[in-house]
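Engineer: Enclosed is the structure file entry.tsv (TSV, C-alpha atoms).
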```tsv
chain	number	residue	atom	x	y	z
N	1	MET	CA	-134.89	35.00	6.34
N	2	THR	CA	-133.98	32.37	3.78
N	3	ARG	CA	-131.15	32.55	1.32
N	4	VAL	CA	-132.02	30.78	-1.90
N	5	THR	CA	-129.31	29.73	-4.35
N	6	ILE	CA	-130.28	28.76	-7.87
N	7	ILE	CA	-127.83	27.43	-10.44
N	8	ALA	CA	-129.21	27.52	-13.95
N	9	GLU	CA	-128.31	27.48	-17.62
N	10	ALA	CA	-127.82	31.00	-18.96
N	11	VAL	CA	-130.76	30.50	-21.32
N	12	VAL	CA	-133.28	30.42	-18.44
N	13	ALA	CA	-131.51	32.62	-15.85
N	14	GLU	CA	-133.16	35.85	-17.04
N	15	ARG	CA	-136.61	34.31	-16.88
N	16	ILE	CA	-135.99	32.84	-13.42
N	17	ILE	CA	-134.94	36.27	-12.15
N	18	GLU	CA	-138.17	37.81	-13.44
N	19	ASP	CA	-140.08	35.03	-11.68
N	20	LEU	CA	-138.20	35.68	-8.41
N	21	LEU	CA	-139.14	39.35	-8.40
N	22	ARG	CA	-142.75	38.58	-9.33
N	23	LEU	CA	-142.96	36.03	-6.48
N	24	GLY	CA	-141.83	38.58	-3.89
N	25	ALA	CA	-138.03	38.87	-3.85
N	26	SER	CA	-136.89	42.47	-3.57
N	27	GLY	CA	-133.44	41.81	-5.02
N	28	TYR	CA	-130.94	39.26	-6.23
N	29	THR	CA	-127.33	38.85	-7.27
N	30	ARG	CA	-126.11	36.92	-10.25
N	31	THR	CA	-122.61	35.61	-10.87
N	32	GLU	CA	-121.10	33.69	-13.75
N	33	ALA	CA	-120.00	30.22	-12.78
N	34	GLU	CA	-118.50	27.26	-14.52
N	35	GLY	CA	-119.45	23.80	-13.44
N	36	ARG	CA	-120.95	20.44	-13.90
N	37	GLY	CA	-124.06	18.88	-12.52
N	38	SER	CA	-126.79	16.36	-12.72
N	39	ARG	CA	-130.48	17.11	-12.53
N	40	GLY	CA	-131.24	13.75	-11.02
N	41	VAL	CA	-133.73	11.16	-12.18
N	42	ARG	CA	-134.50	12.68	-15.58
N	43	ALA	CA	-130.96	13.99	-15.60
N	44	SER	CA	-129.51	15.35	-18.71
N	45	GLU	CA	-125.99	16.14	-17.54
N	46	TRP	CA	-124.90	19.72	-18.01
N	47	GLU	CA	-121.41	21.06	-18.11
N	48	GLY	CA	-119.97	24.49	-18.81
N	49	LYS	CA	-121.01	28.05	-18.13
N	50	ASN	CA	-123.99	28.69	-15.94
N	51	GLN	CA	-125.38	31.38	-13.72
N	52	LYS	CA	-125.59	31.39	-9.96
N	53	ILE	CA	-128.56	33.44	-8.75
N	54	GLU	CA	-128.84	34.29	-5.06
N	55	THR	CA	-131.63	36.02	-3.20
N	56	VAL	CA	-132.58	36.52	0.45
N	57	VAL	CA	-136.33	36.28	1.03
N	58	ARG	CA	-138.99	35.47	3.59
N	59	PRO	CA	-139.47	31.69	4.06
N	60	ALA	CA	-142.89	31.82	2.39
N	61	VAL	CA	-141.37	33.42	-0.70
N	62	ALA	CA	-138.65	30.74	-0.75
N	63	GLU	CA	-141.36	28.06	-0.73
N	64	ALA	CA	-143.19	29.74	-3.61
N	65	VAL	CA	-139.96	29.99	-5.59
N	66	PHE	CA	-139.16	26.31	-4.98
N	67	ASP	CA	-142.66	25.19	-6.05
N	68	HIS	CA	-142.41	27.30	-9.16
N	69	LEU	CA	-138.99	25.91	-10.12
N	70	VAL	CA	-140.19	22.33	-9.74
N	71	GLN	CA	-143.34	22.95	-11.77
N	72	ASP	CA	-142.00	25.09	-14.59
N	73	TYR	CA	-138.28	24.33	-14.97
N	74	PHE	CA	-137.13	21.03	-13.52
N	75	GLU	CA	-138.43	18.84	-16.31
N	76	HIS	CA	-136.93	20.76	-19.20
N	77	PHE	CA	-133.96	22.73	-17.91
N	78	ALA	CA	-130.81	22.10	-15.90
N	79	VAL	CA	-131.73	23.91	-12.68
N	80	ILE	CA	-130.46	23.22	-9.17
N	81	ALA	CA	-131.77	25.03	-6.11
N	82	TYR	CA	-131.15	24.97	-2.39
N	83	ALA	CA	-131.81	27.14	0.63
N	84	HIS	CA	-130.67	27.81	4.16
N	85	PRO	CA	-131.62	30.28	6.89
N	86	VAL	CA	-129.57	33.46	7.35
N	87	GLU	CA	-129.55	36.27	9.86
N	88	VAL	CA	-129.91	39.57	8.06
N	89	VAL	CA	-128.38	42.79	9.41
N	90	ARG	CA	-131.14	44.77	11.04
N	91	GLY	CA	-132.23	47.86	9.20
N	92	GLU	CA	-132.79	45.89	6.06
N	93	LYS	CA	-136.17	45.12	4.60
N	94	TYR	CA	-136.43	42.19	2.21
N	95	GLY	CA	-139.39	41.03	0.15
E	96	MET	CA	-117.64	30.22	13.01
E	97	THR	CA	-119.83	32.66	11.14
E	98	ARG	CA	-119.82	33.28	7.42
E	99	VAL	CA	-120.65	36.88	6.64
E	100	THR	CA	-121.78	37.89	3.15
E	101	ILE	CA	-121.77	41.56	2.21
E	102	ILE	CA	-123.09	42.90	-1.09
E	103	ALA	CA	-121.97	46.44	-1.78
E	104	GLU	CA	-121.49	49.03	-4.47
E	105	ALA	CA	-117.98	48.88	-5.93
E	106	VAL	CA	-117.31	52.40	-4.63
E	107	VAL	CA	-117.36	51.23	-0.98
E	108	ALA	CA	-116.20	47.62	-1.33
E	109	GLU	CA	-112.53	48.44	-0.88
E	110	ARG	CA	-113.21	50.43	2.28
E	111	ILE	CA	-115.44	47.71	3.72
E	112	ILE	CA	-112.68	45.13	3.16
E	113	GLU	CA	-110.20	47.31	5.07
E	114	ASP	CA	-112.76	47.59	7.88
E	115	LEU	CA	-113.23	43.80	7.95
E	116	LEU	CA	-109.52	43.16	8.39
E	117	ARG	CA	-109.22	45.89	11.04
E	118	LEU	CA	-112.18	44.40	12.96
E	119	GLY	CA	-110.53	40.97	13.14
E	120	ALA	CA	-111.16	39.02	9.93
E	121	SER	CA	-108.04	37.18	8.76
E	122	GLY	CA	-109.18	36.91	5.16
E	123	TYR	CA	-111.95	37.46	2.64
E	124	THR	CA	-112.97	36.68	-0.92
E	125	ARG	CA	-114.49	39.12	-3.32
E	126	THR	CA	-116.44	38.32	-6.49
E	127	GLU	CA	-118.04	40.54	-9.10
E	128	ALA	CA	-121.80	40.24	-9.19
E	129	GLU	CA	-124.62	41.82	-11.10
E	130	GLY	CA	-127.88	42.41	-9.39
E	131	ARG	CA	-130.64	44.50	-8.07
E	132	GLY	CA	-131.67	45.32	-4.56
E	133	SER	CA	-133.39	47.55	-2.12
E	134	ARG	CA	-131.83	48.99	1.00
E	135	GLY	CA	-135.17	49.06	2.77
E	136	VAL	CA	-136.86	51.96	4.47
E	137	ARG	CA	-134.61	54.71	3.16
E	138	ALA	CA	-134.19	52.62	0.06
E	139	SER	CA	-132.56	54.07	-2.93
E	140	GLU	CA	-132.85	51.19	-5.34
E	141	TRP	CA	-129.59	50.01	-6.83
E	142	GLU	CA	-129.09	48.02	-9.94
E	143	GLY	CA	-126.04	46.86	-11.86
E	144	LYS	CA	-122.53	45.79	-10.95
E	145	ASN	CA	-121.68	45.22	-7.35
E	146	GLN	CA	-119.24	43.27	-5.26
E	147	LYS	CA	-119.94	40.25	-3.09
E	148	ILE	CA	-117.56	40.08	-0.15
E	149	GLU	CA	-117.41	36.93	1.96
E	150	THR	CA	-115.49	36.24	5.13
E	151	VAL	CA	-115.52	33.52	7.80
E	152	VAL	CA	-115.00	34.92	11.29
E	153	ARG	CA	-115.66	34.33	14.96
E	154	PRO	CA	-119.25	35.27	15.96
E	155	ALA	CA	-117.97	38.27	17.96
E	156	VAL	CA	-116.19	39.62	14.90
E	157	ALA	CA	-119.37	39.13	12.84
E	158	GLU	CA	-121.29	41.21	15.40
E	159	ALA	CA	-118.70	43.97	15.26
E	160	VAL	CA	-118.81	43.98	11.47
E	161	PHE	CA	-122.62	44.18	11.46
E	162	ASP	CA	-122.65	47.07	13.96
E	163	HIS	CA	-120.06	48.90	11.90
E	164	LEU	CA	-121.99	48.44	8.66
E	165	VAL	CA	-125.20	49.76	10.19
E	166	GLN	CA	-123.48	52.78	11.73
E	167	ASP	CA	-121.19	53.83	8.90
E	168	TYR	CA	-122.68	52.56	5.65
E	169	PHE	CA	-126.38	51.79	5.74
E	170	GLU	CA	-127.60	55.36	5.59
E	171	HIS	CA	-125.54	56.46	2.62
E	172	PHE	CA	-124.62	53.39	0.59
E	173	ALA	CA	-126.36	50.39	-0.93
E	174	VAL	CA	-125.08	47.65	1.36
E	175	ILE	CA	-126.74	44.34	2.19
E	176	ALA	CA	-125.32	41.92	4.76
E	177	TYR	CA	-126.29	38.58	6.21
E	178	ALA	CA	-124.67	35.76	8.14
E	179	HIS	CA	-125.01	32.10	8.99
E	180	PRO	CA	-122.99	29.57	10.99
E	181	VAL	CA	-120.54	27.27	9.19
E	182	GLU	CA	-118.37	24.35	10.22
E	183	VAL	CA	-114.78	25.06	9.23
E	184	VAL	CA	-112.34	22.29	8.35
E	185	ARG	CA	-110.14	21.68	11.38
E	186	GLY	CA	-106.58	22.81	11.05
E	187	GLU	CA	-107.70	26.26	10.06
E	188	LYS	CA	-107.35	29.30	12.24
E	189	TYR	CA	-109.57	32.27	11.44
E	190	GLY	CA	-109.58	35.74	12.98
K	191	MET	CA	-127.54	17.82	2.38
K	192	THR	CA	-124.33	19.69	3.02
K	193	ARG	CA	-123.00	22.57	1.00
K	194	VAL	CA	-119.21	22.57	0.94
K	195	THR	CA	-117.29	25.70	-0.04
K	196	ILE	CA	-113.61	25.40	-0.89
K	197	ILE	CA	-111.37	28.37	-1.64
K	198	ALA	CA	-108.13	27.37	-3.29
K	199	GLU	CA	-105.24	28.61	-5.37
K	200	ALA	CA	-105.90	28.17	-9.09
K	201	VAL	CA	-102.97	25.73	-9.30
K	202	VAL	CA	-104.79	23.09	-7.23
K	203	ALA	CA	-108.43	23.87	-8.05
K	204	GLU	CA	-108.62	21.47	-10.99
K	205	ARG	CA	-107.18	18.62	-8.94
K	206	ILE	CA	-109.55	19.31	-6.04
K	207	ILE	CA	-112.54	19.18	-8.41
K	208	GLU	CA	-111.42	15.78	-9.70
K	209	ASP	CA	-111.11	14.61	-6.10
K	210	LEU	CA	-114.63	15.89	-5.29
K	211	LEU	CA	-116.19	13.92	-8.14
K	212	ARG	CA	-114.19	10.80	-7.25
K	213	LEU	CA	-115.31	11.07	-3.60
K	214	GLY	CA	-119.00	11.14	-4.57
K	215	ALA	CA	-120.06	14.67	-5.55
K	216	SER	CA	-122.30	14.67	-8.62
K	217	GLY	CA	-121.57	18.28	-9.52
K	218	TYR	CA	-119.91	21.53	-8.58
K	219	THR	CA	-119.68	25.18	-9.51
K	220	ARG	CA	-116.52	27.18	-9.73
K	221	THR	CA	-116.19	30.97	-9.67
K	222	GLU	CA	-113.18	33.25	-9.91
K	223	ALA	CA	-112.57	35.22	-6.73
K	224	GLU	CA	-110.03	37.68	-5.51
K	225	GLY	CA	-109.05	37.67	-1.91
K	226	ARG	CA	-106.68	37.29	0.92
K	227	GLY	CA	-106.37	34.65	3.57
K	228	SER	CA	-104.36	32.83	6.11
K	229	ARG	CA	-103.99	29.07	6.32
K	230	GLY	CA	-103.51	29.20	10.07
K	231	VAL	CA	-100.73	27.68	12.09
K	232	ARG	CA	-98.37	26.90	9.23
K	233	ALA	CA	-99.81	29.90	7.47
K	234	SER	CA	-98.20	31.18	4.41
K	235	GLU	CA	-100.38	34.17	3.64
K	236	TRP	CA	-101.93	34.17	0.20
K	237	GLU	CA	-103.33	37.08	-1.70
K	238	GLY	CA	-104.72	37.51	-5.19
K	239	LYS	CA	-106.77	35.40	-7.59
K	240	ASN	CA	-108.23	32.19	-6.36
K	241	GLN	CA	-111.08	29.85	-7.12
K	242	LYS	CA	-114.22	29.29	-5.11
K	243	ILE	CA	-115.54	25.75	-5.57
K	244	GLU	CA	-118.99	24.87	-4.28
K	245	THR	CA	-120.74	21.53	-4.15
K	246	VAL	CA	-123.84	20.12	-2.46
K	247	VAL	CA	-123.33	16.59	-1.20
K	248	ARG	CA	-124.47	14.03	1.36
K	249	PRO	CA	-122.94	14.65	4.82
K	250	ALA	CA	-120.77	11.52	4.53
K	251	VAL	CA	-119.30	12.80	1.28
K	252	ALA	CA	-118.61	16.17	2.91
K	253	GLU	CA	-116.70	14.38	5.68
K	254	ALA	CA	-114.64	12.43	3.15
K	255	VAL	CA	-113.85	15.63	1.25
K	256	PHE	CA	-112.77	17.41	4.44
K	257	ASP	CA	-110.51	14.52	5.51
K	258	HIS	CA	-108.97	14.43	2.07
K	259	LEU	CA	-108.29	18.17	2.03
K	260	VAL	CA	-106.62	18.06	5.42
K	261	GLN	CA	-104.45	15.08	4.48
K	262	ASP	CA	-103.41	16.00	0.97
K	263	TYR	CA	-103.61	19.78	0.64
K	264	PHE	CA	-103.50	21.73	3.89
K	265	GLU	CA	-99.79	21.40	4.49
K	266	HIS	CA	-98.63	22.54	1.08
K	267	PHE	CA	-101.36	24.67	-0.47
K	268	ALA	CA	-103.51	27.64	0.49
K	269	VAL	CA	-106.88	25.92	0.87
K	270	ILE	CA	-109.80	26.99	3.04
K	271	ALA	CA	-112.96	24.90	3.41
K	272	TYR	CA	-116.20	25.16	5.31
K	273	ALA	CA	-119.64	23.60	5.23
K	274	HIS	CA	-123.22	24.14	6.31
K	275	PRO	CA	-126.51	22.25	5.90
K	276	VAL	CA	-128.89	23.23	3.10
K	277	GLU	CA	-132.38	22.19	2.10
K	278	VAL	CA	-132.36	21.04	-1.50
K	279	VAL	CA	-135.40	21.43	-3.75
K	280	ARG	CA	-137.13	18.05	-3.96
K	281	GLY	CA	-136.81	16.29	-7.26
K	282	GLU	CA	-133.07	16.63	-7.15
K	283	LYS	CA	-130.68	13.78	-6.60
K	284	TYR	CA	-127.17	14.64	-5.42
K	285	GLY	CA	-124.17	12.37	-4.93
```
Could you render the structure as structure tokens?
Structural biologist:
Amino acid sequence: MTRVTIIAEAVVAERIIEDLLRLGASGYTRTEAEGRGSRGVRASEWEGKNQKIETVVRPAVAEAVFDHLVQDYFEHFAVIAYAHPVEVVRGEKYG
Amino acid sequence: MTRVTIIAEAVVAERIIEDLLRLGASGYTRTEAEGRGSRGVRASEWEGKNQKIETVVRPAVAEAVFDHLVQDYFEHFAVIAYAHPVEVVRGEKYG
Amino acid sequence: MTRVTIIAEAVVAERIIEDLLRLGASGYTRTEAEGRGSRGVRASEWEGKNQKIETVVRPAVAEAVFDHLVQDYFEHFAVIAYAHPVEVVRGEKYG
């Protein structure tokens, strides 16, 4: 399974969560964070409160989420996303 | 070393932390999270406030924690757990 | 890229963040956590509120951060740090 971490402005966090669930995630957690970042080439710097969204999904779902973020959010919003594999306790069933 | 992340209802978080320390963890962090999830096959959906517990332990301790969670919590409580290897800064000594 | 997690007493968190940015990180997030830990050999146990600082950086920056933490913080402050590789969504540019 793949754990995806997304750090986003509060204004888009709700919408990103809806997208996650629609793309196949069966759950998520969200925590308030404070921070600073750069979106890179087109970077408008952001600083202050943001939301950290985490979800554990199948690798194919992670790919779909990444593609979606790049297409629909990266140009206009401060969104950072990264992923790494995790071993999930057996007995669980994730989307 | 193995980083174990456990997401649990507030009602069992305290008990899980006691279990972690008893099973060999030398520390933990706990953060408030909001979220939504599914426990899988017997899934009662949960939604709302929960606690994210993180600990860095030896792989054998991680295994013991996972076994314990499956045996004592998975049937009756909304608990999600996953793990991945981490490199710990030298000079540290974890349980 | 490498994701570095640092757990530190509130009293040094601000200074560690300044160090991170000076050493090449282009951003970070910080969340409030509660917890308990041991610093190891010279361990003064700590318990209570602390800060979890996360940053995604190039491996060389992670190394520099780790060396710096060991040299300047480990002896006198309760600081725990660990790292693991992550895949970052393309389009991003991190320090």
Engineer: Provide as a PyMOL selection string the residues of chain E at most 12 Å from chain K, counting only C-alpha atoms.
Structural biologist: chain E and resi 96-98+109+112-113+115-116+120-128+146-152+178-190
Engineer: What does chain E look like once superposed on chain K, all Cα atoms paired in sequence order, least squares? Give it as a PDB file with C-alpha atoms, in the coordinates of the input.
Structural biologist:
```
ATOM      1  CA  MET E  96    -127.542  17.808   2.392  1.00  0.00           C
ATOM      2  CA  THR E  97    -124.334  19.693   3.026  1.00  0.00           C
ATOM      3  CA  ARG E  98    -122.998  22.581   1.002  1.00  0.00           C
ATOM      4  CA  VAL E  99    -119.223  22.572   0.948  1.00  0.00           C
ATOM      5  CA  THR E 100    -117.297  25.704  -0.029  1.00  0.00           C
ATOM      6  CA  ILE E 101    -113.618  25.402  -0.883  1.00  0.00           C
ATOM      7  CA  ILE E 102    -111.372  28.372  -1.631  1.00  0.00           C
ATOM      8  CA  ALA E 103    -108.125  27.368  -3.280  1.00  0.00           C
ATOM      9  CA  GLU E 104    -105.232  28.602  -5.348  1.00  0.00           C
ATOM     10  CA  ALA E 105    -105.898  28.163  -9.068  1.00  0.00           C
ATOM     11  CA  VAL E 106    -102.967  25.737  -9.287  1.00  0.00           C
ATOM     12  CA  VAL E 107    -104.803  23.087  -7.213  1.00  0.00           C
ATOM     13  CA  ALA E 108    -108.437  23.874  -8.032  1.00  0.00           C
ATOM     14  CA  GLU E 109    -108.602  21.497 -10.975  1.00  0.00           C
ATOM     15  CA  ARG E 110    -107.186  18.630  -8.929  1.00  0.00           C
ATOM     16  CA  ILE E 111    -109.545  19.309  -6.026  1.00  0.00           C
ATOM     17  CA  ILE E 112    -112.530  19.199  -8.407  1.00  0.00           C
ATOM     18  CA  GLU E 113    -111.417  15.789  -9.706  1.00  0.00           C
ATOM     19  CA  ASP E 114    -111.120  14.617  -6.092  1.00  0.00           C
ATOM     20  CA  LEU E 115    -114.631  15.894  -5.295  1.00  0.00           C
ATOM     21  CA  LEU E 116    -116.192  13.933  -8.138  1.00  0.00           C
ATOM     22  CA  ARG E 117    -114.198  10.800  -7.259  1.00  0.00           C
ATOM     23  CA  LEU E 118    -115.312  11.073  -3.605  1.00  0.00           C
ATOM     24  CA  GLY E 119    -118.996  11.134  -4.576  1.00  0.00           C
ATOM     25  CA  ALA E 120    -120.059  14.660  -5.546  1.00  0.00           C
ATOM     26  CA  SER E 121    -122.301  14.664  -8.622  1.00  0.00           C
ATOM     27  CA  GLY E 122    -121.568  18.266  -9.526  1.00  0.00           C
ATOM     28  CA  TYR E 123    -119.893  21.521  -8.563  1.00  0.00           C
ATOM     29  CA  THR E 124    -119.681  25.182  -9.499  1.00  0.00           C
ATOM     30  CA  ARG E 125    -116.522  27.183  -9.711  1.00  0.00           C
ATOM     31  CA  THR E 126    -116.192  30.975  -9.654  1.00  0.00           C
ATOM     32  CA  GLU E 127    -113.182  33.252  -9.887  1.00  0.00           C
ATOM     33  CA  ALA E 128    -112.573  35.223  -6.728  1.00  0.00           C
ATOM     34  CA  GLU E 129    -110.029  37.696  -5.500  1.00  0.00           C
ATOM     35  CA  GLY E 130    -109.052  37.679  -1.902  1.00  0.00           C
ATOM     36  CA  ARG E 131    -106.686  37.305   0.925  1.00  0.00           C
ATOM     37  CA  GLY E 132    -106.372  34.661   3.563  1.00  0.00           C
ATOM     38  CA  SER E 133    -104.341  32.820   6.086  1.00  0.00           C
ATOM     39  CA  ARG E 134    -103.962  29.069   6.271  1.00  0.00           C
ATOM     40  CA  GLY E 135    -103.473  29.194  10.018  1.00  0.00           C
ATOM     41  CA  VAL E 136    -100.663  27.754  12.063  1.00  0.00           C
ATOM     42  CA  ARG E 137     -98.307  26.949   9.210  1.00  0.00           C
ATOM     43  CA  ALA E 138     -99.769  29.920   7.424  1.00  0.00           C
ATOM     44  CA  SER E 139     -98.168  31.182   4.335  1.00  0.00           C
ATOM     45  CA  GLU E 140    -100.355  34.156   3.588  1.00  0.00           C
ATOM     46  CA  TRP E 141    -101.938  34.163   0.162  1.00  0.00           C
ATOM     47  CA  GLU E 142    -103.322  37.075  -1.706  1.00  0.00           C
ATOM     48  CA  GLY E 143    -104.750  37.533  -5.182  1.00  0.00           C
ATOM     49  CA  LYS E 144    -106.768  35.405  -7.567  1.00  0.00           C
ATOM     50  CA  ASN E 145    -108.233  32.188  -6.338  1.00  0.00           C
ATOM     51  CA  GLN E 146    -111.077  29.857  -7.114  1.00  0.00           C
ATOM     52  CA  LYS E 147    -114.224  29.285  -5.092  1.00  0.00           C
ATOM     53  CA  ILE E 148    -115.532  25.760  -5.541  1.00  0.00           C
ATOM     54  CA  GLU E 149    -118.988  24.865  -4.256  1.00  0.00           C
ATOM     55  CA  THR E 150    -120.730  21.524  -4.145  1.00  0.00           C
ATOM     56  CA  VAL E 151    -123.848  20.128  -2.455  1.00  0.00           C
ATOM     57  CA  VAL E 152    -123.339  16.584  -1.193  1.00  0.00           C
ATOM     58  CA  ARG E 153    -124.485  14.041   1.351  1.00  0.00           C
ATOM     59  CA  PRO E 154    -122.956  14.667   4.821  1.00  0.00           C
ATOM     60  CA  ALA E 155    -120.802  11.521   4.505  1.00  0.00           C
ATOM     61  CA  VAL E 156    -119.317  12.798   1.262  1.00  0.00           C
ATOM     62  CA  ALA E 157    -118.628  16.174   2.913  1.00  0.00           C
ATOM     63  CA  GLU E 158    -116.717  14.374   5.683  1.00  0.00           C
ATOM     64  CA  ALA E 159    -114.666  12.436   3.156  1.00  0.00           C
ATOM     65  CA  VAL E 160    -113.868  15.618   1.255  1.00  0.00           C
ATOM     66  CA  PHE E 161    -112.788  17.401   4.450  1.00  0.00           C
ATOM     67  CA  ASP E 162    -110.534  14.504   5.514  1.00  0.00           C
ATOM     68  CA  HIS E 163    -108.982  14.425   2.067  1.00  0.00           C
ATOM     69  CA  LEU E 164    -108.318  18.165   2.037  1.00  0.00           C
ATOM     70  CA  VAL E 165    -106.623  18.060   5.429  1.00  0.00           C
ATOM     71  CA  GLN E 166    -104.460  15.076   4.496  1.00  0.00           C
ATOM     72  CA  ASP E 167    -103.425  16.005   0.972  1.00  0.00           C
ATOM     73  CA  TYR E 168    -103.632  19.779   0.643  1.00  0.00           C
ATOM     74  CA  PHE E 169    -103.521  21.711   3.891  1.00  0.00           C
ATOM     75  CA  GLU E 170     -99.810  21.377   4.502  1.00  0.00           C
ATOM     76  CA  HIS E 171     -98.646  22.519   1.093  1.00  0.00           C
ATOM     77  CA  PHE E 172    -101.372  24.652  -0.458  1.00  0.00           C
ATOM     78  CA  ALA E 173    -103.516  27.623   0.500  1.00  0.00           C
ATOM     79  CA  VAL E 174    -106.882  25.916   0.885  1.00  0.00           C
ATOM     80  CA  ILE E 175    -109.811  26.997   3.041  1.00  0.00           C
ATOM     81  CA  ALA E 176    -112.962  24.898   3.424  1.00  0.00           C
ATOM     82  CA  TYR E 177    -116.205  25.144   5.326  1.00  0.00           C
ATOM     83  CA  ALA E 178    -119.654  23.594   5.242  1.00  0.00           C
ATOM     84  CA  HIS E 179    -123.228  24.126   6.326  1.00  0.00           C
ATOM     85  CA  PRO E 180    -126.508  22.242   5.913  1.00  0.00           C
ATOM     86  CA  VAL E 181    -128.905  23.223   3.116  1.00  0.00           C
ATOM     87  CA  GLU E 182    -132.396  22.182   2.103  1.00  0.00           C
ATOM     88  CA  VAL E 183    -132.357  21.065  -1.519  1.00  0.00           C
ATOM     89  CA  VAL E 184    -135.384  21.428  -3.779  1.00  0.00           C
ATOM     90  CA  ARG E 185    -137.087  18.044  -3.986  1.00  0.00           C
ATOM     91  CA  GLY E 186    -136.774  16.273  -7.277  1.00  0.00           C
ATOM     92  CA  GLU E 187    -133.032  16.621  -7.181  1.00  0.00           C
ATOM     93  CA  LYS E 188    -130.660  13.762  -6.621  1.00  0.00           C
ATOM     94  CA  TYR E 189    -127.156  14.622  -5.450  1.00  0.00           C
ATOM     95  CA  GLY E 190    -124.162  12.339  -4.963  1.00  0.00           C
TER      96      GLY E 190
END
```
Engineer: In Å, with one decimal, what is the gap from atom CA of N:Val11 to atom CA of E:Ala105?
Structural biologist: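 Separation between atom CA of N:Val11 and atom CA of E:Ala105: 27.2 Å.
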Engineer: Rounded to one decimal, what separation in Å do you get between atom CA of N:Phe77 and atom CA of N:Ile16?
Structural biologist: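 Value for the atom CA of N:Phe77-atom CA of N:Ile16 distance: 11.2 Å.
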Engineer: Out of N:Val61, N:Ala78, N:His68, N:Tyr73, which residue has the shortest atom-to-atom distance to N:Gly24 when counting all atoms listed in the file?
Structural biologist: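 The answer is N:Val61, which sits nearest to N:Gly24.
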Engineer: Grab the atom CA of E:Gln166 to atom CA of N:Arg58 distance for me, in Å with one decimal place.
Structural biologist: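 Distance reported for this atom pair: 24.6 Å.
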